[in-house]
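Visitor: Submitted below is the structure of interest, expressed as structure tokens.
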Amino acid sequence: MNSLQNYLLLSALLFSIGLAGALIRRNAILVLIGIELMLNAANLNLIAFWRFGPNPAALTGVMFAIFSISIAAAEAAVGLGIILAAYRHSRTTDLDQMNSLKG
Amino acid sequence: MNVIFLILAAISVVGTAAAMSLRNAVHCVLALTLGLTGTAALYLQLSAQFVGFTQIMVYVGAVAILAVFAIMMTHQPEPSKPPTFSTFWAWGGIVAASVFSVLAWAIHFSPVSRQPPSPQPDTSVRQIGDALMHRFVLPLEIMGLLLTAALIGAVVIAMDRKEEIK
């Protein structure tokens, strides 16, 4: 069995990759995917803490992860809807070209 | 640290890194499914089977397909390919690297991260269902309301309003 440290380090690495992608990609859809990856890394943290915590029979970590996955699904649906609406308006998903707030 | 953990961690990291660095957006989503499947396998290794299969169904099944649809609907053929990364990509990389170093420093010196695992918990789907229906029933209801509102809102936002204007 691995130590908690390995899981936390892996989760931190996945979080940083997602953060880097969300910060530097130009495509808006891939920025959203980067945010999903950050949520996913947080889920891995929750599950690891639940497994190595003092009372895994209470299932709190599992519940937290399930609710977090649901939130991520809702966020993906709304985010992609917003991207589609913005694309219909400005005909681009390039974030460097989306530089105007006025409609 | 055993071999299975190393393999699964490598799959997750390679998949997510490829998802954030490849040029073609569809390839990015395919790499994303690889990374998310690796994480789901890690959940299975942590004896959270239900979360692992939920991860595969929701992330790999729904979110990735949704992203592919969005990529197809926003695709425009361009003769000159724009650069993949933003103009300030170096700053983004520095921020991400510093976040990782702070997190790794905190994890390395934390006494919590060295504790041994608890004895194997009994997490059958029956127990999860019991917990969802008794202790966590209010969060479950709120989650259902939130999902309904979010999906209706997504449809309303993404709807083409040209017919209404005419």
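Please note that chains go A, B, ... in the order of the structure tokens, that every chain numbers its residues from 1, and that ligands are numbered from 1 in the order shown.
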Go through chain A and collect every residue that DSSP, computed from the backbone, puts in helix (DSSP H, G or I); the answer should be as a VMD selection string.
Guide: chain A and resid 4 to 24 28 to 52 56 to 58 60 to 90
Visitor: Give me the chain B side of the contact with chain A, cut-off 6 Å, one line per residue showing its nearest atom pair and distance in Å at one decimal, counting only C-alpha atoms, sorted by chain and residue number, as JSON lines.
Guide:
{"residue": "B:Met1", "atom": "CA", "partner": "A:Asn2", "partner_atom": "CA", "distance": 4.9}
{"residue": "B:Met20", "atom": "CA", "partner": "A:Gly21", "partner_atom": "CA", "distance": 5.1}
{"residue": "B:Phe85", "atom": "CA", "partner": "A:Arg25", "partner_atom": "CA", "distance": 4.7}
{"residue": "B:Ser86", "atom": "CA", "partner": "A:Ile24", "partner_atom": "CA", "distance": 5.1}
{"residue": "B:Trp89", "atom": "CA", "partner": "A:Ile24", "partner_atom": "CA", "distance": 4.8}
{"residue": "B:Gly92", "atom": "CA", "partner": "A:Leu23", "partner_atom": "CA", "distance": 5.2}
{"residue": "B:Gly93", "atom": "CA", "partner": "A:Ala20", "partner_atom": "CA", "distance": 5.6}
{"residue": "B:Ala96", "atom": "CA", "partner": "A:Ala20", "partner_atom": "CA", "distance": 5.1}
{"residue": "B:Phe100", "atom": "CA", "partner": "A:Ser16", "partner_atom": "CA", "distance": 5.6}
{"residue": "B:Ser113", "atom": "CA", "partner": "A:Gln5", "partner_atom": "CA", "distance": 4.8}
{"residue": "B:Pro117", "atom": "CA", "partner": "A:Phe52", "partner_atom": "CA", "distance": 4.3}
{"residue": "B:Ser118", "atom": "CA", "partner": "A:Phe52", "partner_atom": "CA", "distance": 5.4}
{"residue": "B:Pro121", "atom": "CA", "partner": "A:Ala57", "partner_atom": "CA", "distance": 5.8}
{"residue": "B:Leu147", "atom": "CA", "partner": "A:Ala74", "partner_atom": "CA", "distance": 5.8}
{"residue": "B:Ala150", "atom": "CA", "partner": "A:Ala74", "partner_atom": "CA", "distance": 5.7}
{"residue": "B:Ala154", "atom": "CA", "partner": "A:Val78", "partner_atom": "CA", "distance": 4.6}
{"residue": "B:Ile157", "atom": "CA", "partner": "A:Gly81", "partner_atom": "CA", "distance": 5.8}
{"residue": "B:Ala158", "atom": "CA", "partner": "A:Gly81", "partner_atom": "CA", "distance": 4.6}
Visitor: In Å to one decimal, how far is atom CA of B:Val14 from atom CA of B:Val26?
Guide: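 Spanning atom CA of B:Val26 to atom CA of B:Val14 is a straight-line distance of 16.3 Å.
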Visitor: Quick one: distance from atom CA of A:Ala42 to atom CA of B:Gln49 in Å, one decimal?
Guide: 17.3 Å
Visitor: Fewer than 6 positions away in the same chain doesn't count, so skip those; otherwise give me all residues within 9 Å of B:Thr33, counting only C-alpha atoms, as a list in words.
Guide: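 What passes the distance filter is Gly15, Thr16, Ala19, Ile56, Tyr59, Val60, Gly61 and Ala64 of chain B.
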Visitor: Write the residues of the selection above to a file with N, CA and C atoms, as a CSV table (one decimal), in the first residue's frame.
Guide:
chain,number,residue,atom,x,y,z
B,15,GLY,N,-1.6,11.5,-19.7
B,15,GLY,CA,-2.9,11.8,-20.3
B,15,GLY,C,-3.2,13.3,-20.1
B,16,THR,N,-3.1,13.8,-18.9
B,16,THR,CA,-3.5,15.1,-18.6
B,16,THR,C,-2.5,16.1,-19.3
B,19,ALA,N,-3.3,16.3,-22.8
B,19,ALA,CA,-4.6,17.0,-23.0
B,19,ALA,C,-4.3,18.5,-23.0
B,56,ILE,N,-15.8,7.3,-14.5
B,56,ILE,CA,-15.8,6.8,-15.9
B,56,ILE,C,-17.1,7.2,-16.6
B,59,TYR,N,-17.3,11.6,-16.3
B,59,TYR,CA,-16.2,12.4,-16.9
B,59,TYR,C,-16.0,11.8,-18.3
B,60,VAL,N,-15.6,10.5,-18.4
B,60,VAL,CA,-15.2,10.0,-19.7
B,60,VAL,C,-16.4,9.9,-20.6
B,61,GLY,N,-17.6,9.5,-20.0
B,61,GLY,CA,-18.8,9.3,-20.9
B,61,GLY,C,-19.5,10.5,-21.3
B,64,ALA,N,-16.5,14.4,-21.6
B,64,ALA,CA,-15.6,14.4,-22.8
B,64,ALA,C,-16.4,14.4,-24.1
Visitor: Name all residues at most 10 Å from B:Leu34 (count only C-alpha atoms; drop same-chain ones fewer than 2 positions away) and give them as a count of residues only.
Guide: 19
